[in-house]
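One structure is given here, and the rest of the page talks about it.
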Amino acid sequence: MKGALEKKKIKTIKVNLDKCIGCRACEIACSAFHANPKYSSVNPARSRIRMVIDLLNDEYVPIRAADYTKAECDGRHVYTINEKEYSECSFCGSVCPARDLFKEPDSGLPLKCDMCEDDPPQKEPLCVQVCRVDALTYEEKEEEVEEEVKLGQMEIGLESLVGKYGLQKIVDTVARMSNK
Amino acid sequence: MRYAETGYNLEIDLSRGNIERVETDPRLTELHLGGQGTAAKILWDRVPPEVEPFSPDNLLIFSSALLHATPVPGANRSVVNTINPQTNLYSHSIFGGFFGPELKHAGYDKIIFRGKSPNLVYLWINNDKVELRDASHLQGKGALETAALLQEELKDPKAQVAAIGLAGENRVYMASIEHANSSASRGVGSVMGDKKLKAIVVRGTKDINVARPAELWEICNRQYKEIYDNPYCGDVFLREDDDSWHVNNFAWGNARVRNKNYWTKEVEEQWKEITERVRVRWTACYNCPKDCHQAIAFPGRPKYFQKCYSKLTYAMAAFEGLKFNYDILGVTQEYGLDGFSTPQVLAFAVELYEAGILTDNDLPGFPSDGAGRFFYLVEKIVRREGVGDALANGVYWAARQIGKGAEAFDHNTTKKFEQVPLKLGKVNHPYFIMYATGEKMAITQIEGSYPQTPEPDIEERKRLVEGWVAAPERFKKWFLEWEPRQDPPVEASVNIADWNEIMHYVDDAVGTCAFLSSFRGQFGCRPPYHIYNLPNFISLATGMDLDADGLWEIASRNRNLIRAINIRRGLKRIDEKPPDDHWKIREPEMEQKLLDAYYEFKGWTNDGIPTKDTLDKLGLDYVSEDFVQRGILTGNEGTPSKETSAGKDE
């Protein structure tokens with residue numbers, strides 16, 4: 001099922017690792033913005049952007065909390081950078097049962113970057129605002145994307161049945177049932 | 001709820017292995033803020049003057065500062081205080097990086113160590129879980145190497161580590177404590193080693209709350225930009241390739257000679273090329289947009305961080321070039337040696353050898369070149385081998401232990417502590433006061449708000465004064481009237497010394513970096529933090545009601561309390577002098593007049609002791625009582641007689 005094309009605003013945070021100085025202001029600003037009441041506390045452990053830092057191995061990587069990890073992810077790739085081995089998970093933004101990153105320290109509930117939605121809107125996400133060295137920059141662009149077609153309840157149910165038994169079997173079953 | 005601070009300290013008894021979490025008195029925060037201020041109060045209360053630096057009763061205090069872990073940009077300097085074995089006086093050291101904020105997120109404002117561990121241990125703080133662990137496998141390991149090993153062992157790359165190297169383990173007086181991209185110098189590493197504490201590892205995931213969130217965030221968000229855009233703050237000198245200011249003006253060797261013609265365009269290009277080759281990245285401290293530290297990868301050495309004037313200290317002391325400096329730092333950073341005092345001790349030893357006081361018997365196989373000699377001596381010192389055992393006690397003590405006229409080569413210490421190698425022309429009045437009376441043992445921790453030299457161009461002078469929001473009015477007048485080759489009036493000199501040091505006492509209590517504040521007004525007059533805007537940051541973060549006068553008063557209280565610690569340990573007026581040959585031309589009479597004027601201005605006796613009146617007005621009654629009991633004061637000093645008689649009449 002295909003939808004019509006429509007224009008949509010895409011919000012992106014671009015990361016330039018070469019410019020990062022490892023100050024962690026992004027973590028501080030993020031945790032302050034998402035505190036309740038707003039700005040009332042700081043705690044990098046609650047931040048939805050996290051610095052993966054190895055000061056001496058020149059590893060300065062801000063990672064943003066993304067979606068819940070996909071079930072089929074096995075994270076088994078291993079990368080070597082500057083003679084140090086990293087797993088696929090090292091720089092992954094997914095909230096994942098396999099690790100503590102991007103979970104509320106108290107409740108364990110997942111944290112996800114919301115681009116600092118605010119009323120009135122922020123000019124850019126807070127981590128970008130405080131990153132004066134421009135390791136993080138904000139970009140909004142209009143893109144033509146397919147309009148998302150919302151499926152009804154029955155369609156969702158049928159789709160999963162189709163996925164499980166195949167279309168032909170469903171059609172046969174429906175035909176048999178309607179003959180009764 | 002406590003704002004900005006956690007309200008708890010950790011008390012660690014290393015002798016018995018006992019660990020306690022102790023609630024602090026919020027009233028002390030109002031009186032002393034935090035950091036160095038509250039640490040001084042603990043040292044005064046709990047370390048009586050008869051306690052020797054290497055006694056188990058000496059305390060070693062790691063303090064976060066009041067604004068750590070709040071959104072205030074550049075508040076990240078942690079403080080280490082103890083009694084110093086080299087000076088037998090109060091010891092003050094600060095370091096940047098990430099340690100203090102992490103400690104607060106773990107739920108503690110300070111770690112107070114007492115006693116001595118029977119075996120080498122490290123402390124592991126993981127929020128509420130705090131334990132002393134065996135560190136025998138880390139014995140002799142490098143300071144940064146130790147940090148990496150512990151992060152791996154504890155499976156927590158986010159844990160922050162402060163560790164000593166071999167120098168600290170062997171109680172070398174120049175031993176530093178190394179943390180991430182920063183070092184705590186001025187000898188605190190030797191006390192950590194004496195207590196057999198190899199490292200502290202801390203990890204915290206708790207909230208730090210602030211009193212007035214929205215208003216605080218607004219000024220902090222603006223401050224990131226102000227700091228980043230301000231060309232007069234951060235480590236301005238290190239960020240430039242032109243090192244002529246240090247190379248031409250500071251003394252080479254054992255603080256002996258100036259080399260005014262060393263710097264040329266060719267040297268600059270060559271040095272720039274070397275630096276760019278070894279530098280991996282410029283890096284910052286916690287929550288600060290200035291990147292003042294270089295991560296260095298020198299071939300054949302472990303990677304390390306270089307900061308401040310340590311880029312040149314070893315090279316100039318050894319009469320060598322920049323490449324040698326980067327090379328030896330790769331060794332000394334892992335051993336945990338202070339990059340300011342150590343090069344001077346090494347240069348002092350070389351002089352003794354050249355003068356025939358130290359011989360080939362003392363230094364078998366001593367190389368003939370400057371670089372080789374420095375590497376040789378470092379190994380002797382960190383292991384306290386042979387003559388290295390005396391040299392490990394710093395220039396003052398080594399000179400006396402070696403004898404045979406070595407004392408004459410100890411010409412650059414004050415209160416037994418090595419000073420920055422500067423040899424200048426004529427005595428500078430405010431600097432005379434600061435060198436003589438400073439409690440922090442290094443001029444860089446005392447100077448910094450008022451310009452070092454007058455501005456010859458009157459228009460430029462006016463321009464500087466016009467936007468000088470950091471300065472109280474009186475300083476603007478004195479600066480406008482200050483002509484080249486003139487001394488400021490005595491009154492101005494006293495005030496300059498006072499303002500300069502007070503700003504450091506502010507920073508060292510709230511944690512703002514001196515490179516954004518107390519050290520950075522002197523070049524360009526535009527520090528991002530100053531006495532007039534800091535009270536607002538502190539008030540909004542803590543909920544305290546504070547203005548510039550109130551902040552100045554707290555800083556004075558801390559300053560007087562620290563002086564009192566030293567007075568009680570025997571500091572005398574006669575000790576208050578700069579290195580003998582710091583200036584070629586001296587003015588003995590004027591110098592004593594300056595000292596008199598400064599003491600009087602501070603409300604101290606002619607012996608440099610805070611009077612009862614001064615102490616009581618600052619709420620330090622318990623200090624004046626102690627002084628009267630000990631006979632240090634009679635209690636009648638400096639009390640204006642008129643006031644007394646008026647009081648009696650009523």
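Following the order of the structure tokens, chains are lettered A, B, ..., residues in each are numbered from 1, and ligands are numbered from 1.
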Would you kindly return, as a PDB file with N, CA and C atoms, in the first residue's frame, each protein, DNA or RNA residue with an atom no farther than 8 Å from any atom of segment 95-99 of chain B, considering only C-alpha atoms and excluding same-chain residues fewer than 5 positions away?
ATOM      1  N   SER B  64      35.044  18.538  46.242  1.00  0.00           N
ATOM      2  CA  SER B  64      34.405  19.149  45.084  1.00  0.00           C
ATOM      3  C   SER B  64      34.145  20.590  45.506  1.00  0.00           C
ATOM      4  N   ASN B  76      34.651  23.350  37.562  1.00  0.00           N
ATOM      5  CA  ASN B  76      35.113  21.960  37.536  1.00  0.00           C
ATOM      6  C   ASN B  76      36.398  21.713  38.304  1.00  0.00           C
ATOM      7  N   ARG B  77      36.971  22.780  38.922  1.00  0.00           N
ATOM      8  CA  ARG B  77      38.238  22.568  39.619  1.00  0.00           C
ATOM      9  C   ARG B  77      38.006  21.941  40.989  1.00  0.00           C
ATOM     10  N   SER B  78      38.595  20.770  41.177  1.00  0.00           N
ATOM     11  CA  SER B  78      38.539  20.105  42.478  1.00  0.00           C
ATOM     12  C   SER B  78      39.741  20.544  43.304  1.00  0.00           C
ATOM     13  N   VAL B  79      39.633  20.364  44.610  1.00  0.00           N
ATOM     14  CA  VAL B  79      40.647  20.907  45.513  1.00  0.00           C
ATOM     15  C   VAL B  79      41.190  19.788  46.402  1.00  0.00           C
ATOM     16  N   GLN B 160      35.601   8.062  37.088  1.00  0.00           N
ATOM     17  CA  GLN B 160      36.688   9.045  37.104  1.00  0.00           C
ATOM     18  C   GLN B 160      37.744   8.617  38.125  1.00  0.00           C
ATOM     19  N   VAL B 161      39.011   8.787  37.757  1.00  0.00           N
ATOM     20  CA  VAL B 161      40.094   8.286  38.601  1.00  0.00           C
ATOM     21  C   VAL B 161      41.079   9.403  38.922  1.00  0.00           C
ATOM     22  N   ALA B 162      41.509   9.458  40.171  1.00  0.00           N
ATOM     23  CA  ALA B 162      42.649  10.296  40.564  1.00  0.00           C
ATOM     24  C   ALA B 162      43.680   9.351  41.162  1.00  0.00           C
ATOM     25  N   HIS B 179      44.804  13.181  37.273  1.00  0.00           N
ATOM     26  CA  HIS B 179      43.422  12.814  36.947  1.00  0.00           C
ATOM     27  C   HIS B 179      43.115  13.230  35.513  1.00  0.00           C
ATOM     28  N   ALA B 180      42.715  12.287  34.687  1.00  0.00           N
ATOM     29  CA  ALA B 180      42.301  12.572  33.308  1.00  0.00           C
ATOM     30  C   ALA B 180      43.290  13.533  32.642  1.00  0.00           C
ATOM     31  N   ASN B 181      42.837  14.734  32.302  1.00  0.00           N
ATOM     32  CA  ASN B 181      43.721  15.679  31.620  1.00  0.00           C
ATOM     33  C   ASN B 181      44.353  16.677  32.578  1.00  0.00           C
ATOM     34  N   SER B 182      44.294  16.435  33.888  1.00  0.00           N
ATOM     35  CA  SER B 182      44.726  17.434  34.869  1.00  0.00           C
ATOM     36  C   SER B 182      45.634  16.837  35.945  1.00  0.00           C
ATOM     37  N   SER B 183      46.362  17.716  36.624  1.00  0.00           N
ATOM     38  CA  SER B 183      47.259  17.275  37.692  1.00  0.00           C
ATOM     39  C   SER B 183      47.079  18.152  38.920  1.00  0.00           C
ATOM     40  N   ALA B 184      47.104  17.536  40.081  1.00  0.00           N
ATOM     41  CA  ALA B 184      47.142  18.297  41.337  1.00  0.00           C
ATOM     42  C   ALA B 184      48.594  18.372  41.777  1.00  0.00           C
ATOM     43  N   VAL B 202      35.720   7.036  41.158  1.00  0.00           N
ATOM     44  CA  VAL B 202      34.376   7.461  41.540  1.00  0.00           C
ATOM     45  C   VAL B 202      33.430   7.440  40.352  1.00  0.00           C
ATOM     46  N   ALA B 284      39.013  19.645  26.617  1.00  0.00           N
ATOM     47  CA  ALA B 284      38.456  20.552  27.622  1.00  0.00           C
ATOM     48  C   ALA B 284      38.248  19.831  28.945  1.00  0.00           C
ATOM     49  N   CYS B 285      37.919  20.590  29.966  1.00  0.00           N
ATOM     50  CA  CYS B 285      37.460  20.031  31.232  1.00  0.00           C
ATOM     51  C   CYS B 285      35.927  20.021  31.225  1.00  0.00           C
ATOM     52  N   TYR B 286      35.374  19.468  32.283  1.00  0.00           N
ATOM     53  CA  TYR B 286      33.927  19.312  32.424  1.00  0.00           C
ATOM     54  C   TYR B 286      33.179  20.629  32.214  1.00  0.00           C
ATOM     55  N   CYS B 513      37.052  27.881  37.198  1.00  0.00           N
ATOM     56  CA  CYS B 513      38.455  27.760  36.807  1.00  0.00           C
ATOM     57  C   CYS B 513      39.122  29.128  36.792  1.00  0.00           C
TER      58      CYS B 513
END
Wanna dump the chain A-chain B contacts at 6 Å for me, each residue with its shortest atom pair and the distance in Å to one decimal, counting only C-alpha atoms, ordered by chain and number, as a tab-separated table?
residue	atom	partner	partner_atom	distance
A:Ile21	CA	B:Thr283	CA	4.5
A:Gly22	CA	B:Ala284	CA	5.9
A:Cys23	CA	B:Tyr286	CA	4.7
A:Arg24	CA	B:Asn287	CA	5.7
A:Ala25	CA	B:Asn287	CA	4.6
A:Tyr39	CA	B:Pro213	CA	4.9
A:Ser40	CA	B:Pro213	CA	4.6
A:Ser41	CA	B:Asn209	CA	4.2
A:Val42	CA	B:Ile208	CA	5.4
A:Asn43	CA	B:Asp207	CA	4.9
A:Ala45	CA	B:Thr205	CA	5.3
### Message
Give me the residues near Ile63 of chain A as a PyMOL selection string, where near means some atom within 6 Å (using only C-alpha atoms) and where sequence neighbours in that chain fewer than 2 positions away do not count.
### Response
chain A and resi 49-50+93
#### Entry: Closest of B:Ala597, B:Leu571, B:Val247, B:Met441 to Ala492 of chain B - atom-to-atom distances counting only C-alpha atoms
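With only C-alpha atoms as the atom set, the closest residue is B:Ala597.
Comparing the minimum interatomic distances between Thr69 of chain A and each of A:Lys11, A:Lys150, A:Ala98, A:Leu55, counting only C-alpha atoms, we find that A:Ala98 sits nearest.
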